[in-house]
file target02.cif (mmCIF, N, CA and C atoms)
data_data
#
loop_
_atom_site.label_atom_id
_atom_site.label_comp_id
_atom_site.auth_asym_id
_atom_site.auth_seq_id
_atom_site.Cartn_x
_atom_site.Cartn_y
_atom_site.Cartn_z
N MET A 1 60.05 73.48 81.19
CA MET A 1 59.59 72.50 80.21
C MET A 1 60.57 72.51 79.03
N THR A 2 61.03 71.34 78.67
CA THR A 2 61.95 71.25 77.55
C THR A 2 61.18 71.27 76.24
N LEU A 3 61.93 71.47 75.18
CA LEU A 3 61.34 71.50 73.85
C LEU A 3 60.66 70.17 73.52
N ILE A 4 61.29 69.09 73.92
CA ILE A 4 60.72 67.76 73.67
C ILE A 4 59.41 67.59 74.43
N ASP A 5 59.36 68.05 75.66
CA ASP A 5 58.12 67.98 76.44
C ASP A 5 57.00 68.77 75.77
N LYS A 6 57.35 69.94 75.26
CA LYS A 6 56.34 70.78 74.59
C LYS A 6 55.81 70.05 73.35
N TYR A 7 56.70 69.48 72.55
CA TYR A 7 56.25 68.76 71.36
C TYR A 7 55.43 67.53 71.71
N ASN A 8 55.80 66.84 72.78
CA ASN A 8 55.01 65.68 73.21
C ASN A 8 53.62 66.11 73.66
N THR A 9 53.52 67.24 74.34
CA THR A 9 52.22 67.77 74.76
C THR A 9 51.39 68.15 73.54
N ASP A 10 52.03 68.84 72.59
CA ASP A 10 51.34 69.22 71.35
C ASP A 10 50.87 67.99 70.59
N LEU A 11 51.72 66.97 70.50
CA LEU A 11 51.38 65.74 69.80
C LEU A 11 50.21 65.04 70.47
N SER A 12 50.21 65.02 71.78
CA SER A 12 49.12 64.40 72.51
C SER A 12 47.80 65.13 72.24
N ALA A 13 47.84 66.45 72.22
CA ALA A 13 46.63 67.24 71.95
C ALA A 13 46.14 66.99 70.52
N LEU A 14 47.06 66.92 69.57
CA LEU A 14 46.67 66.65 68.19
C LEU A 14 46.09 65.25 68.03
N THR A 15 46.64 64.30 68.74
CA THR A 15 46.15 62.93 68.69
C THR A 15 44.72 62.86 69.21
N LYS A 16 44.45 63.55 70.32
CA LYS A 16 43.10 63.58 70.87
C LYS A 16 42.14 64.25 69.89
N LEU A 17 42.57 65.33 69.26
CA LEU A 17 41.75 66.04 68.29
C LEU A 17 41.45 65.15 67.09
N CYS A 18 42.44 64.41 66.64
CA CYS A 18 42.27 63.49 65.52
C CYS A 18 41.25 62.41 65.86
N GLU A 19 41.31 61.87 67.04
CA GLU A 19 40.36 60.84 67.46
C GLU A 19 38.94 61.40 67.51
N GLU A 20 38.80 62.62 67.98
CA GLU A 20 37.47 63.26 68.01
C GLU A 20 36.95 63.48 66.59
N MET A 21 37.83 63.89 65.68
CA MET A 21 37.42 64.09 64.29
C MET A 21 36.98 62.77 63.66
N LYS A 22 37.68 61.69 63.96
CA LYS A 22 37.30 60.37 63.44
C LYS A 22 35.91 59.97 63.93
N LYS A 23 35.63 60.24 65.21
CA LYS A 23 34.31 59.92 65.76
C LYS A 23 33.23 60.74 65.07
N LEU A 24 33.49 62.03 64.88
CA LEU A 24 32.51 62.90 64.23
C LEU A 24 32.28 62.47 62.78
N TYR A 25 33.34 62.11 62.08
CA TYR A 25 33.22 61.66 60.70
C TYR A 25 32.41 60.37 60.62
N SER A 26 32.64 59.47 61.56
CA SER A 26 31.87 58.22 61.60
C SER A 26 30.39 58.51 61.80
N THR A 27 30.08 59.48 62.65
CA THR A 27 28.69 59.88 62.87
C THR A 27 28.08 60.43 61.59
N ILE A 28 28.83 61.24 60.86
CA ILE A 28 28.34 61.80 59.59
C ILE A 28 28.09 60.67 58.59
N LEU A 29 29.00 59.71 58.52
CA LEU A 29 28.81 58.60 57.58
C LEU A 29 27.53 57.83 57.89
N VAL A 30 27.26 57.61 59.16
CA VAL A 30 26.05 56.90 59.56
C VAL A 30 24.82 57.71 59.14
N LYS A 31 24.84 59.02 59.38
CA LYS A 31 23.69 59.87 59.04
C LYS A 31 23.41 59.87 57.54
N PHE A 32 24.46 59.80 56.73
CA PHE A 32 24.29 59.80 55.28
C PHE A 32 24.15 58.38 54.71
N GLY A 33 24.22 57.37 55.58
CA GLY A 33 24.07 56.00 55.12
C GLY A 33 25.22 55.51 54.28
N GLU A 34 26.40 56.03 54.52
CA GLU A 34 27.59 55.66 53.74
C GLU A 34 28.38 54.56 54.45
N ALA A 35 29.22 53.89 53.69
CA ALA A 35 30.09 52.84 54.23
C ALA A 35 31.12 53.44 55.18
N ALA A 36 31.54 52.67 56.15
CA ALA A 36 32.48 53.15 57.16
C ALA A 36 33.84 53.52 56.56
N ASP A 37 34.18 52.95 55.41
CA ASP A 37 35.47 53.25 54.78
C ASP A 37 35.36 54.31 53.68
N GLN A 38 34.25 55.04 53.65
CA GLN A 38 34.02 56.09 52.64
C GLN A 38 35.10 57.18 52.75
N ASP A 39 35.71 57.51 51.63
CA ASP A 39 36.73 58.56 51.59
C ASP A 39 36.07 59.92 51.78
N SER A 40 36.64 60.75 52.64
CA SER A 40 36.04 62.06 52.92
C SER A 40 36.02 62.96 51.70
N GLN A 41 37.04 62.90 50.86
CA GLN A 41 37.08 63.72 49.65
C GLN A 41 35.91 63.37 48.73
N GLU A 42 35.64 62.09 48.62
CA GLU A 42 34.55 61.65 47.76
C GLU A 42 33.20 62.08 48.34
N LEU A 43 33.01 61.85 49.63
CA LEU A 43 31.74 62.19 50.27
C LEU A 43 31.47 63.69 50.19
N PHE A 44 32.42 64.50 50.60
CA PHE A 44 32.18 65.94 50.62
C PHE A 44 32.21 66.53 49.21
N GLY A 45 32.89 65.86 48.29
CA GLY A 45 32.84 66.28 46.89
C GLY A 45 31.44 66.12 46.32
N LEU A 46 30.79 65.01 46.65
CA LEU A 46 29.42 64.77 46.21
C LEU A 46 28.47 65.82 46.80
N ILE A 47 28.65 66.12 48.06
CA ILE A 47 27.81 67.13 48.71
C ILE A 47 28.04 68.49 48.08
N SER A 48 29.30 68.82 47.85
CA SER A 48 29.63 70.11 47.24
C SER A 48 29.02 70.22 45.84
N HIS A 49 29.11 69.15 45.07
CA HIS A 49 28.55 69.14 43.72
C HIS A 49 27.03 69.34 43.76
N PHE A 50 26.37 68.66 44.68
CA PHE A 50 24.93 68.81 44.83
C PHE A 50 24.56 70.25 45.18
N VAL A 51 25.26 70.83 46.16
CA VAL A 51 24.96 72.21 46.57
C VAL A 51 25.18 73.18 45.41
N HIS A 52 26.26 72.98 44.66
CA HIS A 52 26.54 73.85 43.51
C HIS A 52 25.41 73.77 42.48
N ASP A 53 25.02 72.53 42.14
CA ASP A 53 23.94 72.35 41.17
C ASP A 53 22.61 72.91 41.68
N PHE A 54 22.35 72.72 42.96
CA PHE A 54 21.11 73.23 43.55
C PHE A 54 21.07 74.76 43.47
N ARG A 55 22.16 75.40 43.84
CA ARG A 55 22.21 76.86 43.79
C ARG A 55 22.05 77.38 42.36
N ARG A 56 22.70 76.71 41.41
CA ARG A 56 22.59 77.12 40.01
C ARG A 56 21.15 76.98 39.52
N THR A 57 20.53 75.85 39.83
CA THR A 57 19.15 75.62 39.42
C THR A 57 18.20 76.61 40.09
N HIS A 58 18.43 76.86 41.36
CA HIS A 58 17.59 77.83 42.07
C HIS A 58 17.72 79.22 41.44
N ALA A 59 18.94 79.62 41.13
CA ALA A 59 19.15 80.93 40.50
C ALA A 59 18.48 80.96 39.13
N ASP A 60 18.59 79.88 38.37
CA ASP A 60 17.95 79.81 37.05
C ASP A 60 16.43 79.93 37.17
N LEU A 61 15.86 79.24 38.14
CA LEU A 61 14.40 79.30 38.32
C LEU A 61 13.95 80.70 38.72
N ARG A 62 14.74 81.36 39.54
CA ARG A 62 14.39 82.72 39.96
C ARG A 62 14.48 83.71 38.80
N SER A 63 15.38 83.43 37.86
CA SER A 63 15.55 84.34 36.73
C SER A 63 14.65 83.95 35.54
N GLY A 64 13.94 82.83 35.66
CA GLY A 64 13.01 82.41 34.62
C GLY A 64 13.63 81.51 33.58
N VAL A 65 14.88 81.09 33.73
CA VAL A 65 15.53 80.19 32.78
C VAL A 65 15.09 78.77 33.09
N THR A 66 14.76 78.00 32.05
CA THR A 66 14.39 76.60 32.24
C THR A 66 15.40 75.71 31.55
N ALA A 67 15.32 74.42 31.79
CA ALA A 67 16.24 73.47 31.16
C ALA A 67 16.06 73.49 29.65
N VAL A 68 14.85 73.69 29.16
CA VAL A 68 14.60 73.76 27.72
C VAL A 68 15.30 74.97 27.14
N ASP A 69 15.25 76.11 27.83
CA ASP A 69 15.91 77.34 27.37
C ASP A 69 17.42 77.13 27.26
N GLN A 70 18.00 76.41 28.21
CA GLN A 70 19.46 76.22 28.22
C GLN A 70 19.93 75.31 27.10
N SER A 71 19.11 74.36 26.70
CA SER A 71 19.55 73.41 25.67
C SER A 71 19.44 74.00 24.27
N SER A 72 18.78 75.11 24.10
CA SER A 72 18.61 75.73 22.78
C SER A 72 19.80 76.54 22.39
#

call {"tool": "encode", "arguments": {"input": "target02.cif", "output": "structure tokens"}}
result
Amino acid sequence: MTLIDKYNTDLSALTKLCEEMKKLYSTILVKFGEAADQDSQELFGLISHFVHDFRRTHADLRSGVTAVDQSS
């Protein structure tokens, strides 16, 4: 097998993987009710922000801190 053949095989495998990722991402967009052209950075950034805020609020509630306490 020549070097070019190896790279063509690798490229073909990456192309198939990319197509599978696109299908999975489309499925995720449908589940979240997002537009088909939704940017992945924006979508997962929103999810990450929500999880961060949820964890912080959960930790605050477990420690007895309330929103009123934080604003003082």

call {"tool": "atom_distance", "arguments": {"input": "target02.cif", "atom1": "CA of Leu17 (chain A)", "atom2": "CA of Leu29 (chain A)"}}
result
18.4 Å

call {"tool": "atom_distance", "arguments": {"input": "target02.cif", "atom1": "CA of Val65 (chain A)", "atom2": "CA of Ile47 (chain A)"}}
result
24.0 Å

call {"tool": "atom_distance", "arguments": {"input": "target02.cif", "atom1": "CA of Ser26 (chain A)", "atom2": "CA of Gly45 (chain A)"}}
result
16.8 Å

call {"tool": "resolve_selection", "arguments": {"input": "target02.cif", "expression": "the PyMOL selection byres (((chain A and resi 40 and name CA) around 12) and name CA)", "output": "list in words"}}
result
Met21, Lys22, Leu24, Tyr25, Ser26, Ile28, Leu29, Glu34, Ala35, Ala36, Asp37, Gln38, Asp39, Gln41, Glu42, Leu43, Phe44, Gly45, Leu46, Ile47 and Ser48 of chain A
